[in-house]
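A.B. asks: Handing you this structure, nothing more for now.
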Amino acid sequence: MKKRILSFLTLFILVAVLATSASAFSSYATYTYSADGYALLSPDAYVPDKIIDANYIGLSYPFDDPRDLTVDDEENVYLVDGANNRVIVMDRYYKYKFELGRFLNEHGVWDSFNSPSGVFISDKYIYVCDTNNNRIVMFTRDGKYHKIIPKPVSPLFTEAAVYKPVAVAVDQYNRLFVVSSTTYQGIIVMDDNAKFSGFIGAQKVVISPMEIIWRRLQTKEQRESQQEYVSTEFNNITIDKDGFIYVTTSSIDENSVASAINSRSKSGDYAPVKKLNASGADIMSRNGFWPPSGEINFSFSSRAGAISGPSKIIDVAVGPEGTWSIIDEKRSKVFTYDKYGNLLFAFGDTGEQLGNIYNIEAITYKGDDILLLDKSKDCFTVYKRTEYGNLLIEALAHQNQRRYDMAVSDWMDILQRNSNFDAAYIGIGDALKRDAKYKEAMEYYKFAYNTASYSDAFREVRKEWVAKWIWTIPIIVVVICVLLTKFFKYAARVNKATQLKVGRKTLKEELLYGFHLIFHPFDGFWDLKHEYRGSVRAGIIYIIVTILSFYYQSIGTGYIFNPTESYMNIFAQIASVVVPLLLWVVANWCLTTLFDGEGSFKDIFIATSYSLLPIPMLVIPSVILSNILAQNEGQLITLLVSIAFFWMGILIFFGMMVTHDYSLLKNVTTSLGTIIGMGFIIFVSILFSTLVAQMVSFISSIIVELTYRA
């Protein structure tokens, strides 16, 4: 009995320990985003390992208000202790080495920091942003004072300008790129002698047309009393081994950031993170499904306690193999991207468990680890890279080294662990494409909805096909042109012969007349009405052909121009054509009856139906071309469809003018009135249907009440 009790207790303790460990490693979800904006769970790329606080480091007194965290090339860790005016230096095991705080300056006077905010480590020096002293202080790597870099000297920096450096990065040429919390012109560029070189990377400012007009109407005094439209300032900065600068900002208007995300903008105008070259041009690749701006699935919630709006990005860190990470202060999350802007993984959450960050402040890489600074808890958490994370970095490394066979193998292994990982499909596609296996690459690009890369591979496949069948292409083009020429000549002969025919026309003659009308609208619509060259039955056939054309466009458009393969069913296509056409005919007939229009309801219907002919004539070829053209050639498809609708609109306009025998000005007026009438009919229909629904609901309620009483 005792053995059973002992076994039970042992099992209970083991389960409790495992549950505790599991909860520690599942305190957040790791995920990516699909092309449709849905979060797709993935294996953890990083898991929490331990929490580093003052006791762990071995400090004599705790740090307070930590503001920055960074690591040098020897994996020493530097932490900015803002409240205690010091920078704590730890070894690779997170144990105390020394600290920077009080130092003897070049004048032999003891000096100290005043609310430092940022630190950067070069191969020789430590740069500390001494924020409230408006300067940057340099130390050697062993902690010895070197010199002070004061406020930059330049006419652009007036005496009244406030200089508060909060972050700094230094390139291989010893140029300093400084983020000042009160400077909106961009990143300050200077040398270590405070010689100012200029500003780079200023944020774009957009003024709405209404604001421009309003300022034009204001007096000089009113304009001067208002705040000027200035660019927003940055909040953090880092630099990679190639000298490219990553900067973040959280002061862009949230609506502008949300609009850029929802529109999948490739521009950096409203991006919270940018990659700048030395001249300040944004060169960040934003080739992912969504712009690299943190959270994608967000809402502007007014509910108390809800996290509202897009991410607030406050820091960026450069990782291995071209990866880089940003942190979201609102959600305490990390978002990691590859060099092309594809989201590799996102993780993190607020909370009290190991791995959760209560108030995230900074991020840095330390070898294979990620360190996240918690400002409220006065500690930082070490996250270890998992086997999945190692495999991901290995795949990127093989891809960057052009070892494509090994990269394909790595991506395949990743898909076995995470079939939702679109970047793996893209990686396999890229490797296959570089090995000239274009058809296979197209299949993998298709899985990831990567139309741009799919188009590139398709262009190569098309090139091979053209080289193989080049002698047939001119023959096909000539045959099509000859057939079209013969058809139009045949239609012209039939239409000419029908002019002298007395009595009812055949259906073939009525249908072929449409090909005369679309090129000769004035005499065409005149004969359509007065010579009875058309009919209701022919008009209905043109409507049916138009519906089938749109349905073919829906199901037959090539993958490049319809990657989600979404389409409208035939009933929706019928409604999309018939409803607007009938609304136009009814509204025009009602209006022109009051304004001396000579066309009957039948005449308006026939003229409008015949005007639809350019739609199938140009939409069907555009659908065929969508299966032949590459993505950057899609303007031709847009042009054909635009011409079709414009041509149809012109025919309807002149058809109504000839049918009702109106002048040009009167026809313009009645056409606008018809459009307004269509809106009025829709409003009345909705109102009537709502009233009917309420009446039915009321009667149903009475019947139910009587049934219960009975």
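Numbering starts fresh at 1 for the residues of each chain in the structure tokens, the chains themselves are lettered A, B, ... in the order given, and ligands are numbered from 1 as they appear.
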Near range 284-295 of chain A, within 7 Å and counting only C-alpha atoms, which residues show up once chain neighbours fewer than 4 positions away are dropped, as an MDAnalysis selection string?
C.D. replies: chainID A and resid 35 261 264:266 271:275 310:311 328 335 339:343
A.B. asks: For Gly597 in chain A, list every protein, DNA or RNA residue within 12 Å, evaluated using only C-alpha atoms, and leave out those in the same chain fewer than 5 positions away; present the list as JSON, numbers by chain.
C.D. replies: {"A": [588, 589, 590, 591, 592, 603, 604, 656, 657, 658, 659, 660, 661, 662, 663, 666, 667, 670]}
A.B. asks: Mind checking which residues fall within 12 Å of Arg493 in chain A, counting only C-alpha atoms, ignoring those fewer than 6 positions away in the same chain, and posting them as an MDAnalysis selection string?
C.D. replies: chainID A and resid 486:487 499:500 509 512:513 515:516
A.B. asks: Deliver the residues from the most recent selection as a file, using C-alpha atoms, as a PDB file, in the first residue's frame.
C.D. replies:
ATOM      1  CA  LYS A 486     -13.211  37.862 -93.088  1.00  0.00           C
ATOM      2  CA  PHE A 487     -15.812  37.919 -90.320  1.00  0.00           C
ATOM      3  CA  GLN A 499     -30.658  47.581 -95.801  1.00  0.00           C
ATOM      4  CA  LEU A 500     -32.813  46.821 -98.860  1.00  0.00           C
ATOM      5  CA  GLU A 509     -29.182  39.675 -89.466  1.00  0.00           C
ATOM      6  CA  LEU A 512     -24.708  40.919 -87.126  1.00  0.00           C
ATOM      7  CA  TYR A 513     -26.107  44.434 -87.191  1.00  0.00           C
ATOM      8  CA  PHE A 515     -21.053  44.945 -85.501  1.00  0.00           C
ATOM      9  CA  HIS A 516     -22.122  47.838 -87.726  1.00  0.00           C
TER      10      HIS A 516
END
A.B. asks: Taking 5 positions as the minimum chain separation for residues in the same chain, which residues sit within 6 Å of range 344-350 of chain A when counting only C-alpha atoms? Answer as a list in words.
C.D. replies: Tyr28, Ala29, Thr30, Tyr31, Thr32, Ser332, Lys333, Val334, Phe335, Thr336, Tyr337, Asn356, Ile357 and Tyr358 of chain A
A.B. asks: Give me, as a PyMOL selection string, the residues of range 548-668 of chain A that a backbone DSSP run labels alpha helix (DSSP H).
C.D. replies: chain A and resi 548-556+570-594+601-610+614-626+635-660+664-668
A.B. asks: Record the distance separating CA of Gly539 in chain A and CA of Gln573 in chain A, expressed in Å with one decimal.
C.D. replies: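 So the answer is 17.2 Å.
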A.B. asks: Have a look at A:Leu373, A:Val318, A:Ala258, A:Leu415 and name the one nearest to Phe300 in chain A; count only C-alpha atoms.
C.D. replies: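 Residue with the minimum atom-to-atom distance to Phe300 in chain A: A:Ala258.
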